[in-house]
file data.cif (mmCIF, C-alpha atoms (C1' of nucleotides))
data_protein
#
loop_
_atom_site.label_atom_id
_atom_site.label_comp_id
_atom_site.auth_asym_id
_atom_site.auth_seq_id
_atom_site.Cartn_x
_atom_site.Cartn_y
_atom_site.Cartn_z
CA MET Z 1 117.04 85.59 108.64
CA PRO Z 2 116.78 82.50 110.87
CA LYS Z 3 116.81 79.75 108.29
CA ARG Z 4 117.14 76.24 109.62
CA ASN Z 5 117.93 73.08 107.72
CA THR Z 6 116.18 73.43 104.41
CA ILE Z 7 115.20 69.84 103.93
CA GLU Z 8 113.84 69.45 107.42
CA ASN Z 9 111.84 72.62 107.04
CA ASP Z 10 110.55 71.52 103.68
CA ASN Z 11 109.35 68.32 105.22
CA ARG Z 12 107.46 70.22 107.82
CA LEU Z 13 105.68 72.30 105.21
CA GLU Z 14 104.88 69.30 103.09
CA ALA Z 15 103.51 67.41 106.05
CA LEU Z 16 101.24 70.28 106.91
CA LEU Z 17 99.93 70.46 103.36
CA LYS Z 18 99.48 66.72 103.12
CA ARG Z 19 97.63 66.57 106.39
CA ASN Z 20 95.14 68.99 104.87
CA HIS Z 21 94.79 67.11 101.61
CA LEU Z 22 96.46 69.72 99.52
CA SER Z 23 98.90 68.82 96.82
CA ILE Z 24 102.40 70.10 97.34
CA THR Z 25 103.33 73.02 95.14
CA GLU Z 26 105.92 75.74 95.21
CA SER Z 27 103.44 78.54 95.77
CA ARG Z 28 101.74 76.80 98.66
CA LYS Z 29 105.03 76.07 100.36
CA LYS Z 30 106.24 79.62 99.84
CA ILE Z 31 103.09 81.24 101.18
CA LEU Z 32 102.84 78.85 104.09
CA GLN Z 33 106.43 79.68 104.91
CA LEU Z 34 105.55 83.35 105.02
CA PHE Z 35 102.98 82.68 107.69
CA LEU Z 36 105.29 80.49 109.71
CA ASP Z 37 108.09 83.04 109.57
CA HIS Z 38 105.82 85.89 110.43
CA ASN Z 39 104.30 86.40 113.82
CA GLY Z 40 101.15 88.39 113.38
CA ALA Z 41 98.64 88.58 110.60
CA LEU Z 42 99.36 89.29 106.97
CA ALA Z 43 97.32 91.48 104.69
CA HIS Z 44 96.70 90.17 101.24
CA GLY Z 45 98.89 92.93 99.90
CA ASP Z 46 101.83 91.87 102.06
CA ILE Z 47 101.59 88.35 100.78
CA GLU Z 48 101.32 89.40 97.20
CA LYS Z 49 104.33 91.64 97.57
CA ARG Z 50 106.48 88.94 99.11
CA ALA Z 51 105.32 86.07 96.98
CA GLY Z 52 104.20 88.02 93.96
CA GLU Z 53 107.53 88.24 92.22
CA LYS Z 54 107.51 84.54 91.75
CA PHE Z 55 103.83 83.81 91.51
CA ASP Z 56 100.83 85.14 89.70
CA ARG Z 57 98.30 87.28 91.52
CA VAL Z 58 95.61 84.75 90.82
CA THR Z 59 97.67 81.98 92.35
CA VAL Z 60 98.05 83.95 95.54
CA TYR Z 61 94.30 84.45 95.75
CA ARG Z 62 93.58 80.81 95.10
CA THR Z 63 96.20 79.62 97.53
CA LEU Z 64 94.86 81.78 100.34
CA GLN Z 65 91.34 80.64 99.56
CA ALA Z 66 92.45 77.03 99.72
CA PHE Z 67 94.16 77.61 103.06
CA VAL Z 68 91.05 79.24 104.49
CA ASP Z 69 88.85 76.40 103.21
CA LYS Z 70 91.10 73.82 104.82
CA GLY Z 71 91.31 75.65 108.10
CA ILE Z 72 95.02 76.42 107.90
CA ILE Z 73 94.51 80.17 108.11
CA HIS Z 74 91.61 82.41 109.09
CA THR Z 75 90.54 85.88 108.08
CA ILE Z 76 90.41 88.88 110.38
CA PRO Z 77 87.84 91.59 109.80
CA THR Z 78 89.15 95.13 110.05
CA ALA Z 79 87.63 98.55 110.02
CA ASP Z 80 89.64 99.67 107.03
CA ASN Z 81 88.24 96.97 104.83
CA SER Z 82 91.47 95.19 104.05
CA ILE Z 83 91.31 91.49 104.83
CA ARG Z 84 94.08 90.05 106.92
CA TYR Z 85 95.02 86.42 107.35
CA ALA Z 86 96.62 84.52 110.19
CA LEU Z 87 97.53 80.94 110.95
CA CYS Z 88 94.94 78.88 112.75
CA LYS Z 89 95.68 76.83 115.81
CA ASP Z 90 95.54 73.10 115.29
CA GLU Z 91 91.92 72.68 116.27
CA CYS Z 92 90.67 74.14 113.01
CA GLY Z 93 89.97 71.82 110.17
CA GLU Z 94 88.16 71.61 106.89
CA GLY Z 95 84.83 73.40 107.09
CA HIS Z 96 85.02 74.34 110.74
CA HIS Z 97 86.95 77.17 112.17
CA HIS Z 98 87.19 77.48 115.92
CA ASP Z 99 88.83 80.79 116.49
CA HIS Z 100 87.66 81.97 119.83
CA HIS Z 101 90.50 84.37 120.38
CA ILE Z 102 90.39 88.09 119.86
CA HIS Z 103 92.37 90.18 117.42
CA PHE Z 104 94.48 93.20 118.10
CA VAL Z 105 95.33 95.92 115.61
CA CYS Z 106 98.11 98.30 116.54
CA SER Z 107 97.31 101.85 115.57
CA ARG Z 108 100.99 102.71 115.69
CA CYS Z 109 102.74 100.01 113.67
CA GLN Z 110 99.58 98.84 111.96
CA LYS Z 111 100.37 95.22 112.67
CA THR Z 112 97.60 92.79 113.49
CA PHE Z 113 97.98 90.09 116.11
CA CYS Z 114 96.00 87.09 117.22
CA LEU Z 115 95.85 87.18 120.99
CA ASP Z 116 95.42 83.45 121.32
CA ASP Z 117 95.15 83.56 125.08
CA VAL Z 118 92.36 86.09 125.19
CA VAL Z 119 89.06 84.38 124.53
CA THR Z 120 86.02 86.17 123.18
CA PRO Z 121 83.72 87.28 126.00
CA ASP Z 122 80.15 86.14 126.48
CA ILE Z 123 77.85 88.84 125.24
CA LYS Z 124 74.45 89.22 126.78
CA LEU Z 125 72.08 89.96 123.91
CA PRO Z 126 68.59 91.47 124.04
CA ARG Z 127 65.67 89.02 124.09
CA GLY Z 128 65.09 87.48 120.68
CA TYR Z 129 68.66 87.54 119.43
CA ALA Z 130 70.75 84.38 119.26
CA ALA Z 131 74.51 84.48 118.88
CA GLN Z 132 76.46 82.05 116.73
CA GLN Z 133 79.81 83.73 116.59
CA VAL Z 134 81.47 86.65 118.29
CA GLU Z 135 84.24 88.66 116.65
CA VAL Z 136 86.28 91.04 118.76
CA VAL Z 137 88.84 93.40 117.30
CA VAL Z 138 90.70 95.63 119.71
CA GLN Z 139 92.57 98.64 118.47
CA GLY Z 140 95.38 100.15 120.48
CA THR Z 141 99.12 100.05 120.89
CA CYS Z 142 100.96 96.76 120.91
CA LYS Z 143 103.64 95.38 123.16
CA ALA Z 144 106.51 96.36 120.91
CA CYS Z 145 105.26 99.90 120.36
CA ASN Z 146 104.68 100.47 124.07
CA SER Z 147 108.19 99.62 125.13
CA MET B 1 55.51 104.38 103.31
CA PRO B 2 54.97 106.45 106.49
CA LYS B 3 55.54 109.93 105.18
CA ARG B 4 54.81 112.75 107.55
CA ASN B 5 54.50 116.42 106.79
CA THR B 6 57.10 117.09 104.17
CA ILE B 7 58.11 120.54 105.26
CA GLU B 8 58.47 119.60 108.90
CA ASN B 9 60.58 116.61 107.93
CA ASP B 10 62.70 118.69 105.62
CA ASN B 11 63.37 121.08 108.46
CA ARG B 12 64.53 118.25 110.61
CA LEU B 13 66.99 117.08 107.99
CA GLU B 14 68.27 120.57 107.37
CA ALA B 15 68.72 121.22 111.05
CA LEU B 16 70.77 118.06 111.40
CA LEU B 17 72.97 119.04 108.49
CA LYS B 18 73.39 122.60 109.73
CA ARG B 19 74.26 121.45 113.20
CA ASN B 20 77.13 119.53 111.64
CA HIS B 21 78.30 122.40 109.48
CA LEU B 22 77.36 120.80 106.21
CA SER B 23 75.70 122.75 103.48
CA ILE B 24 72.23 121.61 102.58
CA THR B 25 72.02 119.74 99.33
CA GLU B 26 69.57 117.35 97.74
CA SER B 27 71.90 114.37 97.90
CA ARG B 28 72.69 114.85 101.56
CA LYS B 29 69.05 115.20 102.48
CA LYS B 30 68.11 112.15 100.44
CA ILE B 31 70.81 109.94 101.90
CA LEU B 32 70.20 111.16 105.42
CA GLN B 33 66.54 110.37 104.92
CA LEU B 34 67.45 106.83 103.94
CA PHE B 35 69.17 106.33 107.26
CA LEU B 36 66.33 107.85 109.24
CA ASP B 37 63.75 105.70 107.47
CA HIS B 38 65.77 102.57 107.85
CA ASN B 39 66.31 100.83 111.12
CA GLY B 40 69.52 98.87 110.86
CA ALA B 41 72.69 99.49 108.95
CA LEU B 42 73.02 100.13 105.25
CA ALA B 43 75.67 98.73 102.97
CA HIS B 44 77.18 101.09 100.49
CA GLY B 45 75.49 99.13 97.73
CA ASP B 46 72.06 99.59 99.29
CA ILE B 47 72.54 103.30 99.44
CA GLU B 48 73.79 103.54 95.93
CA LYS B 49 70.83 101.54 94.66
CA ARG B 50 68.29 103.69 96.45
CA ALA B 51 69.92 107.03 95.86
CA GLY B 52 71.88 106.18 92.75
CA GLU B 53 69.15 106.81 90.23
CA LYS B 54 69.21 110.43 91.15
CA PHE B 55 72.81 110.90 92.14
CA ASP B 56 76.21 110.03 90.84
CA ARG B 57 78.22 107.22 92.39
CA VAL B 58 80.92 109.66 93.36
CA THR B 59 78.47 111.89 95.16
CA VAL B 60 77.28 108.97 97.23
CA TYR B 61 80.85 108.15 98.23
CA ARG B 62 81.60 111.73 99.12
CA THR B 63 78.38 112.21 101.02
CA LEU B 64 78.96 109.11 103.13
CA GLN B 65 82.52 110.19 103.77
CA ALA B 66 81.33 113.61 104.90
CA PHE B 67 78.78 112.03 107.24
CA VAL B 68 81.42 109.80 108.77
CA ASP B 69 83.80 112.72 109.21
CA LYS B 70 81.14 114.76 110.96
CA GLY B 71 80.07 111.95 113.22
CA ILE B 72 76.59 111.56 111.78
CA ILE B 73 77.12 107.94 110.77
CA HIS B 74 79.69 105.30 111.64
CA THR B 75 81.10 102.31 109.80
CA ILE B 76 80.67 98.71 110.86
CA PRO B 77 83.38 96.19 110.05
CA THR B 78 82.13 92.88 108.72
CA ALA B 79 83.70 89.57 107.96
CA ASP B 80 82.68 89.68 104.32
CA ASN B 81 84.53 92.92 103.81
CA SER B 82 81.61 95.04 102.73
CA ILE B 83 81.42 98.22 104.75
CA ARG B 84 78.13 99.07 106.35
CA TYR B 85 77.01 102.39 107.76
CA ALA B 86 74.62 103.30 110.54
CA LEU B 87 73.45 106.45 112.25
CA CYS B 88 75.38 107.58 115.28
CA LYS B 89 73.78 108.50 118.53
CA ASP B 90 73.94 112.16 119.40
CA GLU B 91 77.12 111.97 121.39
CA CYS B 92 79.26 111.64 118.28
CA GLY B 93 80.65 114.73 116.73
CA GLU B 94 83.31 115.91 114.36
CA GLY B 95 86.48 113.96 114.79
CA HIS B 96 85.33 111.86 117.69
CA HIS B 97 83.15 108.81 117.47
CA HIS B 98 81.87 107.28 120.67
CA ASP B 99 80.21 104.10 119.60
CA HIS B 100 80.45 101.80 122.50
CA HIS B 101 77.65 99.54 121.40
CA ILE B 102 78.07 96.22 119.66
CA HIS B 103 76.93 95.23 116.20
CA PHE B 104 74.85 92.28 115.20
CA VAL B 105 74.80 90.65 111.77
CA CYS B 106 71.96 88.25 111.05
CA SER B 107 73.13 85.21 109.15
CA ARG B 108 69.58 84.60 107.97
CA CYS B 109 68.32 87.92 106.65
CA GLN B 110 71.81 89.44 106.37
CA LYS B 111 70.72 92.63 108.04
CA THR B 112 73.06 94.45 110.37
CA PHE B 113 71.88 96.11 113.57
CA CYS B 114 73.36 98.40 116.14
CA LEU B 115 72.50 97.01 119.53
CA ASP B 116 72.66 100.35 121.25
CA ASP B 117 71.90 98.92 124.66
CA VAL B 118 74.67 96.37 124.62
CA VAL B 119 77.94 98.00 125.50
CA THR B 120 81.28 96.62 124.46
CA PRO B 121 82.81 94.49 127.22
CA ASP B 122 86.06 95.23 128.99
CA ILE B 123 88.74 93.06 127.52
CA LYS B 124 91.65 91.98 129.67
CA LEU B 125 94.71 92.21 127.47
CA PRO B 126 98.13 90.61 127.98
CA ARG B 127 100.76 92.75 129.66
CA GLY B 128 102.13 95.37 127.29
CA TYR B 129 99.05 95.89 125.19
CA ALA B 130 96.92 99.00 125.59
CA ALA B 131 93.40 99.20 124.22
CA GLN B 132 91.98 102.31 122.63
CA GLN B 133 88.87 100.94 121.02
CA VAL B 134 86.98 97.67 121.10
CA GLU B 135 84.87 96.50 118.18
CA VAL B 136 82.45 93.62 118.71
CA VAL B 137 80.47 92.07 115.91
CA VAL B 138 78.15 89.24 116.80
CA GLN B 139 76.82 86.95 114.13
CA GLY B 140 73.63 84.99 114.67
CA THR B 141 69.90 85.16 114.08
CA CYS B 142 67.98 88.34 114.76
CA LYS B 143 64.76 89.01 116.58
CA ALA B 144 62.62 89.02 113.45
CA CYS B 145 64.13 85.83 112.04
CA ASN B 146 63.73 83.97 115.32
CA SER B 147 60.03 84.56 115.67
"C1'" DA H 1 110.52 54.94 85.68
"C1'" DT H 2 106.79 55.97 82.41
"C1'" DT H 3 102.63 57.29 81.52
"C1'" DA H 4 97.77 58.71 82.19
"C1'" DA H 5 94.70 61.35 85.06
"C1'" DA H 6 93.97 65.10 88.07
"C1'" DA H 7 95.11 69.38 90.02
"C1'" DA H 8 97.18 73.80 90.01
"C1'" DA H 9 99.47 77.76 87.69
"C1'" DG H 10 99.65 81.35 84.47
"C1'" DC H 11 97.59 84.38 81.29
"C1'" DA H 12 94.19 87.41 79.44
"C1'" DA H 13 90.18 89.44 80.02
"C1'" DC H 14 86.68 91.08 82.73
"C1'" DA H 15 83.72 93.06 86.59
"C1'" DC H 16 83.46 95.97 90.32
"C1'" DA H 17 84.77 99.25 93.95
"C1'" DG H 18 86.72 103.30 95.02
"C1'" DT H 19 89.51 107.65 93.79
"C1'" DT H 20 91.02 112.00 91.47
"C1'" DG H 21 90.99 116.28 88.62
"C1'" DC H 22 88.38 119.41 86.60
"C1'" DA H 23 84.44 122.07 84.62
"C1'" DA H 24 79.60 123.09 85.54
"C1'" DA H 25 75.98 123.74 88.80
"C1'" DA H 26 74.12 124.62 93.28
"C1'" DT H 27 74.56 126.68 97.76
"C1'" DA H 28 76.08 130.13 101.00
"C1'" DT H 29 77.60 134.82 101.97
"C1'" DT H 30 77.74 139.77 101.53
"C1'" DA C 1 71.33 140.27 93.48
"C1'" DA C 2 76.22 139.45 92.86
"C1'" DT C 3 80.14 137.06 94.24
"C1'" DA C 4 82.65 133.54 96.64
"C1'" DT C 5 82.53 128.96 98.16
"C1'" DT C 6 81.10 124.39 98.07
"C1'" DT C 7 79.31 120.50 95.89
"C1'" DT C 8 78.10 117.87 91.91
"C1'" DG C 9 78.69 115.12 87.74
"C1'" DC C 10 81.62 113.43 84.40
"C1'" DA C 11 85.47 111.03 82.57
"C1'" DA C 12 89.26 108.70 83.36
"C1'" DC C 13 91.98 105.92 86.07
"C1'" DT C 14 93.71 102.59 89.78
"C1'" DG C 15 93.33 98.63 92.55
"C1'" DT C 16 91.13 94.39 93.88
"C1'" DG C 17 89.21 90.27 93.11
"C1'" DT C 18 87.09 86.85 89.68
"C1'" DT C 19 86.46 83.66 85.64
"C1'" DG C 20 87.53 80.76 81.55
"C1'" DC C 21 90.78 78.48 79.35
"C1'" DT C 22 95.39 76.54 78.06
"C1'" DT C 23 99.72 74.93 79.68
"C1'" DT C 24 102.42 73.09 83.24
"C1'" DT C 25 103.06 70.58 87.39
"C1'" DT C 26 101.82 67.15 90.61
"C1'" DT C 27 99.86 62.77 91.78
"C1'" DA C 28 98.54 58.09 91.11
"C1'" DA C 29 98.81 53.88 88.52
"C1'" DT C 30 101.02 50.77 85.96
#
call {"tool": "encode", "arguments": {"input": "data.cif", "output": "structure tokens"}}
result
Amino acid sequence: MPKRNTIENDNRLEALLKRNHLSITESRKKILQLFLDHNGALAHGDIEKRAGEKFDRVTVYRTLQAFVDKGIIHTIPTADNSIRYALCKDECGEGHHHDHHIHFVCSRCQKTFCLDDVVTPDIKLPRGYAAQQVEVVVQGTCKACNS
Amino acid sequence: MPKRNTIENDNRLEALLKRNHLSITESRKKILQLFLDHNGALAHGDIEKRAGEKFDRVTVYRTLQAFVDKGIIHTIPTADNSIRYALCKDECGEGHHHDHHIHFVCSRCQKTFCLDDVVTPDIKLPRGYAAQQVEVVVQGTCKACNS
DNA sequence: ATTAAAAAAGCAACACAGTTGCAAAATATT
DNA sequence: AATATTTTGCAACTGTGTTGCTTTTTTAAT
């Protein structure tokens, strides 16, 4: 496990929380760390499993909710009805998410990825419809599973 | 309520069920009727409310599952994690859904529509990723709410 | 550094969605 | 019409997410 200087890392976490006006607590640091260590999205279940030994279920829910509210993470809709979360890029802030990238779900390893470089396409809608937000979820096989 | 000749309508429902190798039961006819009468998608809750006085919760679940399996209806992923169902076009069959249209969720009236004429766009993925299916859900205001 | 105020965590209890096994009823098959 | 098959309803259970409230932790103020 690539674990760098603990204090330095801690500072980084705390700075991120402070910047978002969240008080610094063990659970928030732990869960934030999970996201930073993990490339790809996390299902609620994953998070609960990895953080759940130390923290209450309810705390995990409330922490994730707080992160979503502050624009630190965003949710990813999936066909199988299990919410996934992933870190936001820096442009997101309290009350306004700007996630214009698409999401990729691997049907082999089941992992979910934010393809940050692939922007959502313009969709030409029938007369009368007005778009506010476009969500694209692509299912297929990911880089790792294809090689 | 536009109710045409009952027998003729019943025949239509039964034919649709037979074509999909499903035995003809009251619950299946009732729920299928709901979809035919309703333009737009139905949330599980809607269906249970409208069919639930007559049928058990479990039956509704199993009926919907059977319809999905046979390719009569398809599910629509939504951000709020509440599955919606809508009728498939004729090309769908057992074990293979071909829904290449996009879905539209109205943020005003909360209704969900299949925009059958709007096909899912080609998405250019990073090297290494292979797409199998593309889901697009557009959120905005619908025709009715805009006029 | 102590202390008071504010925020978050933990706990218990609850509400709700979805599933499973099994007996009874309805449908299909001959 | 009789039998085999499928579906239904029921009860019980599991999992997920929520709420109210008390205790603990964190923050801010002295």
call {"tool": "closest_atom_pairs", "arguments": {"input": "data.cif", "of": "chain C", "to": "chain Z", "cutoff": "12 Å", "atoms": "only C-alpha atoms (C1' of nucleotides)", "output": "Markdown table"}}
result
| residue | atom | partner | partner_atom | distance |
| --- | --- | --- | --- | --- |
| C:DG15 | C1' | Z:Gly45 | CA | 10.8 |
| C:DT16 | C1' | Z:Gly45 | CA | 9.9 |
| C:DG17 | C1' | Z:Tyr61 | CA | 8.2 |
| C:DT18 | C1' | Z:Val58 | CA | 8.8 |
| C:DT19 | C1' | Z:Val58 | CA | 10.6 |
| C:DT24 | C1' | Z:Thr25 | CA | 11.9 |
| C:DT25 | C1' | Z:Thr25 | CA | 8.1 |
| C:DT26 | C1' | Z:Ser23 | CA | 7.1 |
| C:DT27 | C1' | Z:Ser23 | CA | 7.9 |
call {"tool": "resolve_selection", "arguments": {"input": "data.cif", "expression": "the PyMOL selection byres ((chain H) within 8 of (chain Z))", "output": "ChimeraX atom specification"}}
result
/H:7,9-10
call {"tool": "resolve_selection", "arguments": {"input": "data.cif", "expression": "the PyMOL selection byres ((chain B) within 8 of (chain Z))", "output": "PDB file with C-alpha atoms, in the frame of the given file"}}
result
ATOM      1  CA  THR B  75      81.100 102.310 109.800  1.00  0.00           C
ATOM      2  CA  ILE B  76      80.670  98.710 110.860  1.00  0.00           C
ATOM      3  CA  PRO B  77      83.380  96.190 110.050  1.00  0.00           C
ATOM      4  CA  THR B  78      82.130  92.880 108.720  1.00  0.00           C
ATOM      5  CA  ALA B  79      83.700  89.570 107.960  1.00  0.00           C
ATOM      6  CA  ASP B  80      82.680  89.680 104.320  1.00  0.00           C
ATOM      7  CA  ASN B  81      84.530  92.920 103.810  1.00  0.00           C
ATOM      8  CA  SER B  82      81.610  95.040 102.730  1.00  0.00           C
ATOM      9  CA  ILE B  83      81.420  98.220 104.750  1.00  0.00           C
ATOM     10  CA  VAL B 118      74.670  96.370 124.620  1.00  0.00           C
ATOM     11  CA  PRO B 121      82.810  94.490 127.220  1.00  0.00           C
ATOM     12  CA  ILE B 123      88.740  93.060 127.520  1.00  0.00           C
ATOM     13  CA  LYS B 124      91.650  91.980 129.670  1.00  0.00           C
ATOM     14  CA  LEU B 125      94.710  92.210 127.470  1.00  0.00           C
ATOM     15  CA  PRO B 126      98.130  90.610 127.980  1.00  0.00           C
ATOM     16  CA  ARG B 127     100.760  92.750 129.660  1.00  0.00           C
ATOM     17  CA  GLY B 128     102.130  95.370 127.290  1.00  0.00           C
ATOM     18  CA  TYR B 129      99.050  95.890 125.190  1.00  0.00           C
ATOM     19  CA  ALA B 130      96.920  99.000 125.590  1.00  0.00           C
ATOM     20  CA  ALA B 131      93.400  99.200 124.220  1.00  0.00           C
ATOM     21  CA  GLN B 132      91.980 102.310 122.630  1.00  0.00           C
ATOM     22  CA  GLN B 133      88.870 100.940 121.020  1.00  0.00           C
ATOM     23  CA  VAL B 134      86.980  97.670 121.100  1.00  0.00           C
ATOM     24  CA  GLU B 135      84.870  96.500 118.180  1.00  0.00           C
ATOM     25  CA  VAL B 136      82.450  93.620 118.710  1.00  0.00           C
ATOM     26  CA  VAL B 137      80.470  92.070 115.910  1.00  0.00           C
ATOM     27  CA  VAL B 138      78.150  89.240 116.800  1.00  0.00           C
ATOM     28  CA  GLN B 139      76.820  86.950 114.130  1.00  0.00           C
ATOM     29  CA  GLY B 140      73.630  84.990 114.670  1.00  0.00           C
ATOM     30  CA  THR B 141      69.900  85.160 114.080  1.00  0.00           C
ATOM     31  CA  CYS B 142      67.980  88.340 114.760  1.00  0.00           C
ATOM     32  CA  LYS B 143      64.760  89.010 116.580  1.00  0.00           C
ATOM     33  CA  ALA B 144      62.620  89.020 113.450  1.00  0.00           C
ATOM     34  CA  ASN B 146      63.730  83.970 115.320  1.00  0.00           C
ATOM     35  CA  SER B 147      60.030  84.560 115.670  1.00  0.00           C
TER      36      SER B 147
END
call {"tool": "residues_around", "arguments": {"input": "data.cif", "residues": "DT3 of chain C", "least_positions_apart": "4", "cutoff": "12 Å", "atoms": "all atoms listed in the file", "output": "VMD selection string"}}
result
chain H and resid 28 to 30
call {"tool": "atom_distance", "arguments": {"input": "data.cif", "atom1": "atom CA of Lys70 of chain B", "atom2": "atom CA of Glu53 of chain B"}}
result
25.2 Å
call {"tool": "resolve_selection", "arguments": {"input": "data.cif", "expression": "the PyMOL selection byres ((chain H and resi 20-23) around 10)", "output": "NGL selection string"}}
result
(:H and (19 or 24-25)) or (:C and (9-14))
call {"tool": "atom_distance", "arguments": {"input": "data.cif", "atom1": "atom CA of His100 of chain B", "atom2": "atom CA of Phe35 of chain B"}}
result
19.5 Å
call {"tool": "atom_distance", "arguments": {"input": "data.cif", "atom1": "atom CA of Leu87 of chain Z", "atom2": "atom CA of Ile72 of chain Z"}}
result
6.0 Å
call {"tool": "residues_around", "arguments": {"input": "data.cif", "residues": "DT30 of chain C", "least_positions_apart": "4", "cutoff": "10 Å", "atoms": "all atoms listed in the file", "output": "mmCIF file with C-alpha atoms (C1' of nucleotides), in the frame of the given file"}}
result
data_model
loop_
_atom_site.group_PDB
_atom_site.id
_atom_site.type_symbol
_atom_site.label_atom_id
_atom_site.label_comp_id
_atom_site.auth_asym_id
_atom_site.auth_seq_id
_atom_site.Cartn_x
_atom_site.Cartn_y
_atom_site.Cartn_z
ATOM 1 C "C1'" DT H 2 106.790 55.970 82.410
ATOM 2 C "C1'" DT H 3 102.630 57.290 81.520
ATOM 3 C "C1'" DA H 4 97.770 58.710 82.190
#
call {"tool": "axis_aligned_box", "arguments": {"input": "data.cif", "around": "segment 15-20 of chain C", "padding_each_side": "6 Å", "output": "lines of an AutoDock Vina configuration file"}}
result
center_x = 89.9
center_y = 89.7
center_z = 87.7
size_x = 18.9
size_y = 29.9
size_z = 24.3
